[in-house]
Structure formats: C-alpha cells, structure tokens
>>> print(open('coords_34.csv').read())   # CSV, C-alpha atoms
chain,number,residue,atom,x,y,z
A,212,TYR,CA,30.8,-42.5,-15.9
A,213,VAL,CA,27.5,-43.9,-17.3
A,214,VAL,CA,24.4,-42.9,-15.4
A,215,PHE,CA,21.1,-44.7,-16.1
A,216,ASP,CA,17.5,-44.0,-15.5
A,217,LYS,CA,15.7,-47.2,-14.5
A,218,THR,CA,12.2,-47.4,-16.0
A,219,GLY,CA,12.2,-47.9,-19.7
A,220,THR,CA,16.0,-47.8,-19.8
A,221,MET,CA,17.2,-50.8,-17.8
A,222,THR,CA,13.7,-52.3,-17.5
A,223,GLN,CA,11.2,-52.9,-20.3
A,224,GLY,CA,8.8,-50.3,-19.1
A,225,VAL,CA,6.1,-53.0,-19.5
A,226,PHE,CA,4.3,-53.0,-16.2
A,227,GLU,CA,1.8,-55.6,-14.9
A,228,VAL,CA,-0.4,-55.4,-11.9
A,229,THR,CA,0.5,-58.3,-9.6
A,230,GLY,CA,-1.7,-57.6,-6.6
A,231,VAL,CA,-3.9,-55.2,-4.6
A,232,HIS,CA,-3.0,-55.3,-0.9
A,233,HIS,CA,-4.4,-53.8,2.4
A,234,ASN,CA,-7.6,-52.9,0.5
A,235,THR,CA,-10.7,-51.7,2.3
A,236,LEU,CA,-12.7,-51.6,-1.0
A,237,PRO,CA,-13.2,-54.4,-3.5
A,238,MET,CA,-10.1,-54.9,-5.8
A,239,ASN,CA,-12.0,-54.1,-9.0
A,240,GLU,CA,-13.3,-50.9,-7.5
A,241,ILE,CA,-9.8,-49.8,-6.5
A,242,LEU,CA,-8.5,-50.7,-10.0
A,243,GLU,CA,-11.4,-48.7,-11.5
A,244,TYR,CA,-10.5,-45.6,-9.5
A,245,ALA,CA,-6.8,-45.9,-10.3
A,246,ALA,CA,-7.4,-46.4,-14.1
A,247,LEU,CA,-9.8,-43.5,-14.3
A,248,ALA,CA,-7.6,-41.1,-12.3
A,249,GLU,CA,-4.5,-42.1,-14.4
A,250,SER,CA,-6.4,-42.1,-17.7
A,251,PHE,CA,-4.9,-38.8,-18.9
A,252,SER,CA,-1.4,-39.9,-18.4
A,253,SER,CA,0.8,-41.8,-20.9
A,254,HIS,CA,3.2,-43.1,-18.3
A,255,PRO,CA,3.8,-46.9,-18.5
A,256,ILE,CA,2.4,-47.4,-15.0
A,257,SER,CA,-0.8,-45.6,-16.0
A,258,ARG,CA,-1.2,-47.9,-19.0
A,259,SER,CA,-0.7,-50.9,-16.8
A,260,LEU,CA,-3.5,-49.8,-14.5
A,261,GLN,CA,-5.8,-49.3,-17.4
A,262,LYS,CA,-4.9,-52.7,-18.8
A,263,ALA,CA,-5.6,-54.3,-15.4
A,264,TYR,CA,-9.0,-52.6,-15.2
A,265,GLY,CA,-9.8,-54.2,-18.6
A,266,LYS,CA,-12.8,-52.0,-19.5
A,267,ALA,CA,-13.3,-49.0,-21.7
A,268,ILE,CA,-12.3,-45.8,-19.9
A,269,ASP,CA,-14.9,-43.1,-19.8
A,270,GLN,CA,-12.9,-39.9,-19.3
A,271,SER,CA,-16.0,-37.8,-18.9
A,272,ARG,CA,-16.3,-39.3,-15.3
A,273,VAL,CA,-12.9,-37.6,-14.5
A,274,THR,CA,-12.5,-33.9,-13.6
A,275,ASP,CA,-10.0,-31.6,-11.9
A,276,VAL,CA,-6.9,-33.8,-12.8
A,277,GLN,CA,-3.8,-32.6,-11.1
A,278,GLU,CA,-0.5,-34.3,-11.8
A,279,VAL,CA,2.0,-34.0,-9.0
A,280,SER,CA,5.5,-34.3,-10.5
A,281,GLY,CA,7.4,-37.3,-9.2
A,282,LYS,CA,4.5,-38.3,-6.8
A,283,GLY,CA,1.3,-39.2,-8.7
A,284,VAL,CA,-2.1,-37.9,-9.7
A,285,ILE,CA,-5.0,-36.4,-7.8
A,286,ALA,CA,-8.4,-36.3,-9.7
A,287,LYS,CA,-12.1,-36.3,-9.1
A,288,VAL,CA,-13.8,-39.5,-10.3
A,289,ASP,CA,-17.6,-39.4,-10.1
A,290,GLY,CA,-17.3,-36.4,-7.8
A,291,ARG,CA,-15.0,-38.3,-5.3
A,292,THR,CA,-11.4,-37.1,-4.8
A,293,VAL,CA,-9.0,-39.9,-5.8
A,294,ALA,CA,-5.2,-39.7,-5.0
A,295,ALA,CA,-3.1,-42.3,-6.8
A,296,GLY,CA,0.7,-42.3,-6.4
A,297,ASN,CA,3.7,-43.1,-4.3
A,298,ALA,CA,4.3,-42.7,-0.5
A,299,LYS,CA,5.3,-39.1,-1.1
A,300,LEU,CA,1.9,-38.2,-2.4
A,301,MET,CA,0.2,-39.8,0.6
A,302,GLU,CA,2.6,-37.8,2.9
A,303,LEU,CA,1.8,-34.6,0.9
A,304,GLU,CA,-1.9,-35.2,1.4
A,305,GLY,CA,-1.5,-36.1,5.1
A,306,ILE,CA,-3.0,-39.6,4.6
A,307,PRO,CA,-1.6,-42.5,6.7
A,308,TYR,CA,-0.7,-45.4,4.5
A,309,GLN,CA,0.4,-49.0,4.7
A,310,GLU,CA,3.9,-50.1,3.6
A,311,CYS,CA,4.2,-52.9,1.1
A,312,HIS,CA,6.5,-55.8,1.9
A,313,SER,CA,6.6,-57.1,-1.6
A,314,VAL,CA,9.2,-55.8,-4.1
A,315,GLY,CA,7.8,-53.8,-6.9
A,316,THR,CA,6.4,-50.4,-7.8
A,317,VAL,CA,3.6,-49.5,-5.3
A,318,VAL,CA,0.7,-47.2,-6.2
A,319,HIS,CA,-1.0,-46.1,-3.0
A,320,MET,CA,-4.7,-45.2,-3.3
A,321,ALA,CA,-6.9,-42.8,-1.3
A,322,VAL,CA,-10.5,-41.9,-1.9
A,323,ASP,CA,-11.9,-38.7,-0.2
A,324,GLY,CA,-8.9,-38.5,2.0
A,325,GLU,CA,-9.2,-42.1,3.3
A,326,TYR,CA,-6.6,-44.8,2.5
A,327,VAL,CA,-8.1,-47.7,0.6
A,328,GLY,CA,-5.1,-49.9,-0.2
A,329,HIS,CA,-2.2,-50.1,-2.6
A,330,ILE,CA,-1.6,-51.7,-6.0
A,331,LEU,CA,1.6,-53.6,-6.6
A,332,ILE,CA,3.1,-53.4,-10.1
A,333,ALA,CA,6.1,-55.3,-11.4
A,334,ASP,CA,8.5,-54.3,-14.2
A,335,LEU,CA,10.8,-56.7,-16.0
A,336,LEU,CA,14.5,-56.2,-16.7
A,337,LYS,CA,15.5,-55.8,-20.3
A,338,PRO,CA,17.0,-59.1,-21.7
A,339,HIS,CA,20.5,-57.6,-22.3
A,340,ALA,CA,20.6,-55.2,-19.3
A,341,GLU,CA,23.0,-57.2,-17.2
A,342,GLU,CA,25.2,-58.0,-20.1
A,343,ALA,CA,25.2,-54.3,-21.0
A,344,ILE,CA,26.7,-53.4,-17.6
A,345,ARG,CA,29.4,-56.1,-18.0
A,346,ALA,CA,30.2,-54.8,-21.5
A,347,LEU,CA,30.6,-51.3,-20.2
A,348,LYS,CA,33.0,-52.4,-17.5
A,349,VAL,CA,35.0,-54.4,-20.0
A,350,ALA,CA,35.1,-51.2,-22.2
A,351,GLY,CA,36.8,-49.4,-19.2
A,352,ILE,CA,33.9,-47.4,-17.8
A,353,LYS,CA,34.9,-46.2,-14.4
A,354,LYS,CA,31.5,-46.3,-12.7
A,355,THR,CA,27.9,-47.1,-13.4
A,356,VAL,CA,25.2,-45.3,-11.6
A,357,MET,CA,21.4,-45.7,-11.6
A,358,LEU,CA,19.0,-42.8,-10.7
A,359,THR,CA,15.3,-43.5,-10.2
A,360,GLY,CA,12.2,-42.2,-8.5
A,361,ASP,CA,11.3,-45.7,-7.4
A,362,ALA,CA,11.4,-46.9,-3.8
A,363,LYS,CA,14.8,-47.7,-2.3
A,364,ARG,CA,14.0,-51.4,-1.9
A,365,VAL,CA,13.0,-51.8,-5.6
A,366,ALA,CA,16.0,-49.7,-6.8
A,367,ASP,CA,18.5,-51.6,-4.7
A,368,LYS,CA,17.2,-55.0,-5.9
A,369,VAL,CA,17.5,-54.0,-9.6
A,370,ALA,CA,21.0,-52.5,-9.1
A,371,ALA,CA,22.1,-55.7,-7.3
A,372,ASN,CA,20.7,-57.9,-10.1
A,373,LEU,CA,22.5,-55.8,-12.8
A,374,GLY,CA,25.8,-55.2,-11.0
A,375,ILE,CA,25.5,-51.4,-11.0
A,376,ASP,CA,28.0,-49.8,-8.8
A,377,GLU,CA,25.9,-47.0,-7.2
A,378,VAL,CA,22.2,-46.3,-7.0
A,379,HIS,CA,20.1,-43.3,-5.8
A,380,SER,CA,16.4,-43.8,-5.4
A,381,GLU,CA,13.2,-41.9,-4.6
A,382,LEU,CA,14.4,-38.9,-6.7
A,383,LEU,CA,12.2,-36.3,-8.3
A,384,PRO,CA,13.2,-35.0,-11.8
A,385,GLY,CA,14.9,-32.0,-10.2
A,386,ASP,CA,16.8,-34.3,-7.9
A,387,LYS,CA,18.2,-36.2,-10.9
A,388,VAL,CA,19.6,-33.0,-12.3
A,389,ALA,CA,21.2,-32.0,-9.0
A,390,MET,CA,22.7,-35.5,-8.7
A,391,VAL,CA,24.2,-35.3,-12.1
A,392,GLU,CA,25.5,-31.8,-11.4
A,393,LYS,CA,27.2,-33.2,-8.2
A,394,MET,CA,28.9,-36.0,-10.2
A,395,LEU,CA,30.0,-33.6,-12.9
A,396,SER,CA,31.7,-31.4,-10.2
A,397,GLN,CA,33.4,-34.4,-8.7
A,398,LYS,CA,34.9,-36.0,-11.8
A,399,ASN,CA,38.2,-35.1,-13.5
A,400,GLU,CA,38.2,-32.6,-16.3
A,401,LYS,CA,39.2,-35.3,-18.8
A,402,GLU,CA,36.5,-37.8,-17.7
A,403,LYS,CA,33.1,-37.8,-19.3
A,404,LEU,CA,29.7,-38.4,-17.9
A,405,ALA,CA,27.0,-40.0,-20.0
A,406,PHE,CA,23.3,-40.2,-19.0
A,407,VAL,CA,21.0,-42.8,-20.5
A,408,GLY,CA,17.2,-42.1,-20.3
A,409,ASP,CA,13.9,-42.2,-22.2
A,410,GLY,CA,11.3,-40.1,-20.5
A,411,ILE,CA,10.2,-36.4,-20.8
A,412,ASN,CA,11.5,-35.9,-17.2
A,413,ASP,CA,14.9,-37.0,-18.4
A,414,ALA,CA,15.3,-34.2,-21.0
A,415,PRO,CA,17.0,-31.7,-18.6
A,416,VAL,CA,19.5,-34.3,-17.4
A,417,LEU,CA,20.2,-35.5,-20.9
A,418,SER,CA,21.1,-32.0,-22.0
A,419,ARG,CA,23.2,-31.3,-18.8
A,420,ALA,CA,25.4,-34.5,-19.1
A,421,ASP,CA,28.5,-34.5,-21.2
A,422,ILE,CA,26.8,-37.1,-23.4
A,423,GLY,CA,23.1,-37.7,-23.5
A,424,ILE,CA,21.8,-41.1,-24.7
A,425,ALA,CA,18.1,-41.5,-25.4
A,426,MET,CA,16.0,-44.6,-26.0
A,427,GLY,CA,14.5,-43.9,-29.5
A,428,ALA,CA,11.8,-46.6,-29.7
A,429,MET,CA,9.8,-45.8,-26.6
A,430,GLY,CA,11.5,-42.5,-25.6
A,431,SER,CA,9.7,-39.2,-25.5
A,432,ASP,CA,10.3,-36.6,-28.3
A,433,ALA,CA,11.8,-34.2,-25.7
A,434,ALA,CA,14.3,-36.8,-24.5
A,435,ILE,CA,15.3,-37.7,-28.1
A,436,GLU,CA,15.6,-34.0,-29.0
A,437,ALA,CA,17.9,-33.3,-26.0
A,438,ALA,CA,20.1,-36.3,-26.5
A,439,ASP,CA,23.5,-36.6,-28.4
A,440,ILE,CA,23.0,-40.3,-29.2
A,441,VAL,CA,19.7,-42.1,-29.9
A,442,LEU,CA,19.4,-45.9,-29.6
A,443,MET,CA,16.7,-46.8,-32.1
A,444,ASP,CA,16.0,-50.3,-30.7
A,445,ASP,CA,16.3,-49.4,-27.0
A,446,ASP,CA,18.9,-52.1,-26.4
A,447,PRO,CA,21.3,-51.0,-23.6
A,448,LEU,CA,23.9,-53.4,-24.9
A,449,LYS,CA,24.4,-50.9,-27.8
A,450,ILE,CA,25.8,-48.3,-25.4
A,451,ALA,CA,29.1,-50.2,-25.1
A,452,LYS,CA,29.1,-50.8,-28.9
A,453,ALA,CA,28.6,-47.0,-29.4
A,454,ILE,CA,31.6,-46.4,-27.2
A,455,ARG,CA,33.7,-48.9,-29.1
A,456,ILE,CA,32.7,-47.3,-32.5
A,457,ALA,CA,33.5,-43.8,-31.2
A,458,ARG,CA,36.9,-45.0,-29.9
A,459,LYS,CA,37.7,-46.7,-33.2
A,460,CYS,CA,36.7,-43.6,-35.1
A,461,MET,CA,38.9,-41.3,-33.0
A,462,ARG,CA,41.8,-43.7,-33.2
A,463,ILE,CA,41.6,-43.6,-37.0
A,464,VAL,CA,41.3,-39.8,-37.0
A,465,TYR,CA,44.5,-39.6,-34.9
A,466,GLU,CA,46.3,-42.1,-37.1
A,467,ASN,CA,45.5,-40.0,-40.2
A,468,ILE,CA,46.6,-36.8,-38.5
A,469,TYR,CA,49.9,-38.2,-37.3
A,470,PHE,CA,50.6,-40.0,-40.6
A,471,ALA,CA,49.8,-37.0,-42.8
A,472,ILE,CA,51.8,-34.5,-40.7
A,473,GLY,CA,54.6,-37.0,-40.2
A,474,VAL,CA,55.1,-37.7,-43.9
A,475,LYS,CA,54.9,-34.0,-44.8
A,476,VAL,CA,57.5,-33.1,-42.2
A,477,ILE,CA,59.9,-35.8,-43.4
A,478,CYS,CA,59.4,-34.6,-47.0
A,479,LEU,CA,60.0,-31.0,-46.0
A,480,ILE,CA,63.3,-32.0,-44.3
A,481,LEU,CA,64.4,-34.1,-47.3
A,482,GLY,CA,63.5,-31.2,-49.6
A,483,ALA,CA,65.5,-28.7,-47.5
A,484,LEU,CA,68.5,-31.1,-47.7
A,485,GLY,CA,68.1,-31.4,-51.5
A,486,ILE,CA,67.3,-35.1,-51.3
A,487,ALA,CA,63.6,-35.1,-52.2
A,488,ASN,CA,62.5,-34.9,-55.8
A,489,MET,CA,59.1,-34.1,-57.4
A,490,TRP,CA,57.8,-37.7,-57.0
A,491,VAL,CA,58.4,-37.5,-53.3
A,492,ALA,CA,56.4,-34.2,-53.2
A,493,ILE,CA,53.6,-35.8,-55.1
A,494,PHE,CA,53.5,-38.7,-52.7
A,495,ALA,CA,53.5,-36.3,-49.7
A,496,ASP,CA,50.4,-34.6,-51.2
A,497,VAL,CA,48.2,-36.9,-53.3
A,498,GLY,CA,49.6,-40.2,-51.9
A,499,VAL,CA,49.1,-39.3,-48.3
A,500,MET,CA,45.5,-38.1,-49.1
A,501,VAL,CA,44.7,-41.4,-50.8
A,502,ILE,CA,46.1,-43.5,-47.9
A,503,ALA,CA,44.3,-41.4,-45.3
A,504,VAL,CA,41.0,-41.9,-47.2
A,505,LEU,CA,41.5,-45.6,-47.5
A,506,ASN,CA,42.4,-45.8,-43.7
A,507,ALA,CA,39.2,-43.8,-42.9
A,508,ILE,CA,37.1,-46.3,-44.8
A,509,ARG,CA,37.8,-48.7,-41.9
A,510,THR,CA,35.3,-46.7,-39.8
A,511,LEU,CA,32.5,-48.4,-41.9
A,512,TYR,CA,33.3,-51.8,-40.5
A,513,VAL,CA,31.7,-51.9,-37.1
A,514,LYS,CA,29.6,-55.1,-37.1
A,515,ASN,CA,32.2,-57.2,-35.2
A,516,LEU,CA,33.0,-54.5,-32.6
>>> encode(input="coords_34.csv", output="structure tokens")
Amino acid sequence: YVVFDKTGTMTQGVFEVTGVHHNTLPMNEILEYAALAESFSSHPISRSLQKAYGKAIDQSRVTDVQEVSGKGVIAKVDGRTVAAGNAKLMELEGIPYQECHSVGTVVHMAVDGEYVGHILIADLLKPHAEEAIRALKVAGIKKTVMLTGDAKRVADKVAANLGIDEVHSELLPGDKVAMVEKMLSQKNEKEKLAFVGDGINDAPVLSRADIGIAMGAMGSDAAIEAADIVLMDDDPLKIAKAIRIARKCMRIVYENIYFAIGVKVICLILGALGIANMWVAIFADVGVMVIAVLNAIRTLYVKNL
C-alpha cells in the first residue's frame, strides 16, 4: 500500500488566490486581514495569502495569535479578532458561513465574530503525479490511498484526476495517524505500507508507517528526520523507481546467498566423496567471493530502471 498526503506531495504546494466570494468587506481589506492573521505561519496557504496581499507585512499589528491545529488561525489584528481557516474553524467559533461552490481550498474569514466572506485558493498538481500513480500500479502496488485535511470535494477531484484508489478527506493530523493505524491492522503480515508526506504534521504518520517517504526539497525537518527515504527533488515518480531499485537490490542479495551457499554445499559433498581437490576448495572460497562481489556491482546500475 502507498498512502499519500496531498498538499506538497501530489500537488506543487504553490497556492494562488483565485477569488474572494460572499464578501461583506472590500476584497483588499479581507486579504489584508487574512495575510496579517496568517503572517506567523510558514504554511503554503499562508504564503499565498501574503503574496496576494502584495504589501509589506507589519507583524506589530498582530497580537494573541492562536493556531488551531487542522482548522486555521485566530488572531487580533489592529485590536479586532480575526478568524481565518476552514469550515471546522467557523463551526468551532459558532459563526454561520457560506459554502463555496468552486473547487479549491477555501479560507473562511470572520472579523469580531461576524462572517465577512471566504477566499478561494487553487493548488496545481505536480507534473508527474498522474504518471507516478500509474508507475506504482505497474510496479505491483496493491492500493494507493490519499489522506488530506482538504474539503471532500477538492480531495475527490484530485484523486479522480490522478487515478488514486481511495481518498479520505477533512482529516486532522491525529486522524491521519488513526487511519494509517487502521490500514496497518487490516493488511497481511507480509504486506508493507508506505506513507509519503512533506509537512511537520506528517512526522507522526511517517514514523508509524512501515516505510516513511519524505519530500526533501520542501519538506519540514521533522518529516525528513522521521522518514526512511527522502526524495531530494520532490518528484513522486521517484517512488516507483525507489521500489524498483530496492527490489533489484534484494534480488541480487538473494542471488549471492543462494549461489554462495549452493556452491559450498556442492563442494562439501564432493570433498566428502573424495572427488574435490584443493582447487575446487579455493574456488568455493575465493572464487565464490569474487563472483558475488562482481554480481553485487550490478546494484550500481539503476539509471534505466
């Protein structure tokens, strides 16, 4: 099984603001509140809001920042309480909100407990994401799964575009761990589960999976530290190549084991029967070692895998 996070793993993590809808305040004012409230976060969505605002961020205007895990941010901007996040944050604050009919990541905005509109943000798929899923299926992967905190509509569309078998959306970081635990309990003992992620919230899941794969270029230090494999160029197509390299390596290891033990057993039998001489014994020792080393050199040739 290969389980993916969505943002930054299957998508580029480069968000762009594509619209402000159902707004009761001017668009620029809503973007200003959102950019300031999110200014202490390094999340790609926060960076996209600051980019859309397009002006220098004065963090001295922001106080009492509270990051609500998996939901958004609540902060005071110029003394006014600003809530910026998903629908779960609005429900947590008891603020009625408007659903967005466009597909994308939605940041709902409320100022002093009043809903003022939502910001629509789009994320692009990575160029090789669809090809990566096909390559995994060709490699014999039983099931591909995507876990994300995004809305169901967005997650379903991405999964359909990529050809992913199963998708679970609107998950908090703890929910992802629970979902991986559930899949681990359901699979056979011989089957392996790999989780692919990039963010700091993915670190617990990466360490819990049989194999953790982190995106090295844009991944957090915590995710990289927890992972077993790091993709330095963040190309998901390399996951299938890593599997092929690992399989080739293990195939060569078993070839050497069977060859070395087989030759030595044959030479032991021949020696016991009085047929083998010293030269056969030398081949069984030094000759087998040289052949095994030469066979192991094949692991270096992986470019065409």
>>> residues_around(input="coords_34.csv", residues="stretch 336-347 of chain A", least_positions_apart="3", cutoff="6 Å", atoms="all atoms listed in the file", output="list in words")
Met221, Thr222, Gln223, Ala350, Ile352, Leu373, Pro447, Leu448 and Ala451 of chain A
>>> residues_around(input="coords_34.csv", residues="A:Cys478", least_positions_apart="3", cutoff="10 Å", atoms="only C-alpha atoms", output="NGL selection string")
:A and (472-475 or 481-484 or 486-488 or 491-492 or 494-496)
>>> write_last_selection(input="coords_34.csv", atoms="C-alpha atoms", output="compact mmCIF listing (two decimals), in the frame of the given file")
# COMPACT_ATOMS: atom_id res chain seq x y z
CA ILE A 472 51.80 -34.50 -40.70
CA GLY A 473 54.60 -37.00 -40.20
CA VAL A 474 55.10 -37.70 -43.90
CA LYS A 475 54.90 -34.00 -44.80
CA LEU A 481 64.40 -34.10 -47.30
CA GLY A 482 63.50 -31.20 -49.60
CA ALA A 483 65.50 -28.70 -47.50
CA LEU A 484 68.50 -31.10 -47.70
CA ILE A 486 67.30 -35.10 -51.30
CA ALA A 487 63.60 -35.10 -52.20
CA ASN A 488 62.50 -34.90 -55.80
CA VAL A 491 58.40 -37.50 -53.30
CA ALA A 492 56.40 -34.20 -53.20
CA PHE A 494 53.50 -38.70 -52.70
CA ALA A 495 53.50 -36.30 -49.70
CA ASP A 496 50.40 -34.60 -51.20
>>> closest_residue(input="coords_34.csv", among="A:Val231, A:Ala267, A:Phe215, A:Phe251", to="A:Val416", atoms="only C-alpha atoms")
A:Phe215
>>> residues_around(input="coords_34.csv", residues="A:Val273", least_positions_apart="2", cutoff="10 Å", atoms="all atoms listed in the file", output="count of residues only")
20
>>> residues_around(input="coords_34.csv", residues="A:Val314", least_positions_apart="5", cutoff="8 Å", atoms="all atoms listed in the file", output="list in words")
Ala333, Arg364 and Val365 of chain A
>>> closest_residue(input="coords_34.csv", among="A:Ala457, A:Val378, A:Ile463, A:Arg272", to="A:Leu505", atoms="only C-alpha atoms")
A:Ile463
>>> build_atoms(input="coords_34.csv", residues="stretch 260-271 of chain A", atoms="all heavy atoms", output="short mmCIF file (atom, residue, chain, number, x, y, z; two decimals), in the frame of the given file")
data_model
loop_
_atom_site.label_atom_id
_atom_site.label_comp_id
_atom_site.auth_asym_id
_atom_site.auth_seq_id
_atom_site.Cartn_x
_atom_site.Cartn_y
_atom_site.Cartn_z
N LEU A 260 -2.26 -49.87 -15.32
CA LEU A 260 -3.50 -49.80 -14.50
C LEU A 260 -4.72 -49.90 -15.36
O LEU A 260 -5.69 -50.58 -15.02
CB LEU A 260 -3.49 -48.50 -13.68
CG LEU A 260 -2.44 -48.39 -12.57
CD1 LEU A 260 -2.38 -46.98 -12.02
CD2 LEU A 260 -2.73 -49.39 -11.45
N GLN A 261 -4.68 -49.22 -16.52
CA GLN A 261 -5.80 -49.30 -17.40
C GLN A 261 -5.98 -50.67 -18.02
O GLN A 261 -7.10 -51.15 -18.20
CB GLN A 261 -5.62 -48.23 -18.56
CG GLN A 261 -5.68 -46.79 -18.06
CD GLN A 261 -5.23 -45.79 -19.09
OE1 GLN A 261 -5.58 -45.89 -20.26
NE2 GLN A 261 -4.44 -44.81 -18.68
N LYS A 262 -4.85 -51.32 -18.28
CA LYS A 262 -4.90 -52.70 -18.80
C LYS A 262 -5.48 -53.65 -17.77
O LYS A 262 -6.29 -54.52 -18.08
CB LYS A 262 -3.48 -53.13 -19.21
CG LYS A 262 -3.41 -54.53 -19.80
CD LYS A 262 -1.97 -54.90 -20.15
CE LYS A 262 -1.89 -56.33 -20.64
NZ LYS A 262 -0.48 -56.74 -20.89
N ALA A 263 -5.06 -53.47 -16.50
CA ALA A 263 -5.60 -54.30 -15.40
C ALA A 263 -7.05 -54.13 -15.20
O ALA A 263 -7.78 -55.07 -14.88
CB ALA A 263 -4.78 -54.08 -14.13
N TYR A 264 -7.53 -52.89 -15.37
CA TYR A 264 -9.00 -52.60 -15.20
C TYR A 264 -9.75 -53.34 -16.30
O TYR A 264 -10.81 -53.91 -16.03
CB TYR A 264 -9.17 -51.08 -15.31
CG TYR A 264 -10.62 -50.65 -15.31
CD1 TYR A 264 -11.52 -51.12 -14.36
CD2 TYR A 264 -11.08 -49.75 -16.27
CE1 TYR A 264 -12.85 -50.71 -14.36
CE2 TYR A 264 -12.40 -49.32 -16.28
CZ TYR A 264 -13.28 -49.81 -15.33
OH TYR A 264 -14.60 -49.40 -15.33
N GLY A 265 -9.22 -53.34 -17.52
CA GLY A 265 -9.80 -54.20 -18.60
C GLY A 265 -11.06 -53.74 -19.23
O GLY A 265 -11.64 -54.48 -20.01
N LYS A 266 -11.53 -52.54 -18.89
CA LYS A 266 -12.80 -52.00 -19.50
C LYS A 266 -12.51 -50.70 -20.17
O LYS A 266 -11.47 -50.08 -19.96
CB LYS A 266 -13.86 -51.87 -18.41
CG LYS A 266 -14.25 -53.17 -17.71
CD LYS A 266 -15.29 -52.91 -16.62
CE LYS A 266 -15.62 -54.18 -15.85
NZ LYS A 266 -16.58 -53.92 -14.75
N ALA A 267 -13.48 -50.27 -20.97
CA ALA A 267 -13.30 -49.00 -21.70
C ALA A 267 -13.31 -47.85 -20.63
O ALA A 267 -14.06 -47.86 -19.65
CB ALA A 267 -14.49 -48.78 -22.63
N ILE A 268 -12.40 -46.89 -20.86
CA ILE A 268 -12.30 -45.80 -19.90
C ILE A 268 -13.16 -44.61 -20.39
O ILE A 268 -13.05 -44.11 -21.52
CB ILE A 268 -10.78 -45.27 -19.91
CG1 ILE A 268 -9.85 -46.40 -19.48
CG2 ILE A 268 -10.64 -44.06 -19.00
CD1 ILE A 268 -9.99 -46.83 -18.05
N ASP A 269 -14.05 -44.21 -19.51
CA ASP A 269 -14.90 -43.10 -19.80
C ASP A 269 -14.36 -41.83 -19.09
O ASP A 269 -14.59 -41.60 -17.90
CB ASP A 269 -16.35 -43.36 -19.25
CG ASP A 269 -17.32 -42.22 -19.56
OD1 ASP A 269 -16.93 -41.26 -20.27
OD2 ASP A 269 -18.48 -42.28 -19.08
N GLN A 270 -13.58 -41.06 -19.86
CA GLN A 270 -12.90 -39.90 -19.30
C GLN A 270 -13.83 -38.78 -18.84
O GLN A 270 -13.42 -37.88 -18.10
CB GLN A 270 -11.82 -39.38 -20.23
CG GLN A 270 -10.64 -40.33 -20.42
CD GLN A 270 -9.55 -39.74 -21.28
OE1 GLN A 270 -9.81 -38.91 -22.15
NE2 GLN A 270 -8.32 -40.16 -21.05
N SER A 271 -15.08 -38.85 -19.27
CA SER A 271 -16.00 -37.80 -18.90
C SER A 271 -16.36 -37.93 -17.36
O SER A 271 -16.87 -36.99 -16.76
CB SER A 271 -17.33 -37.94 -19.68
OG SER A 271 -17.98 -39.17 -19.40
#
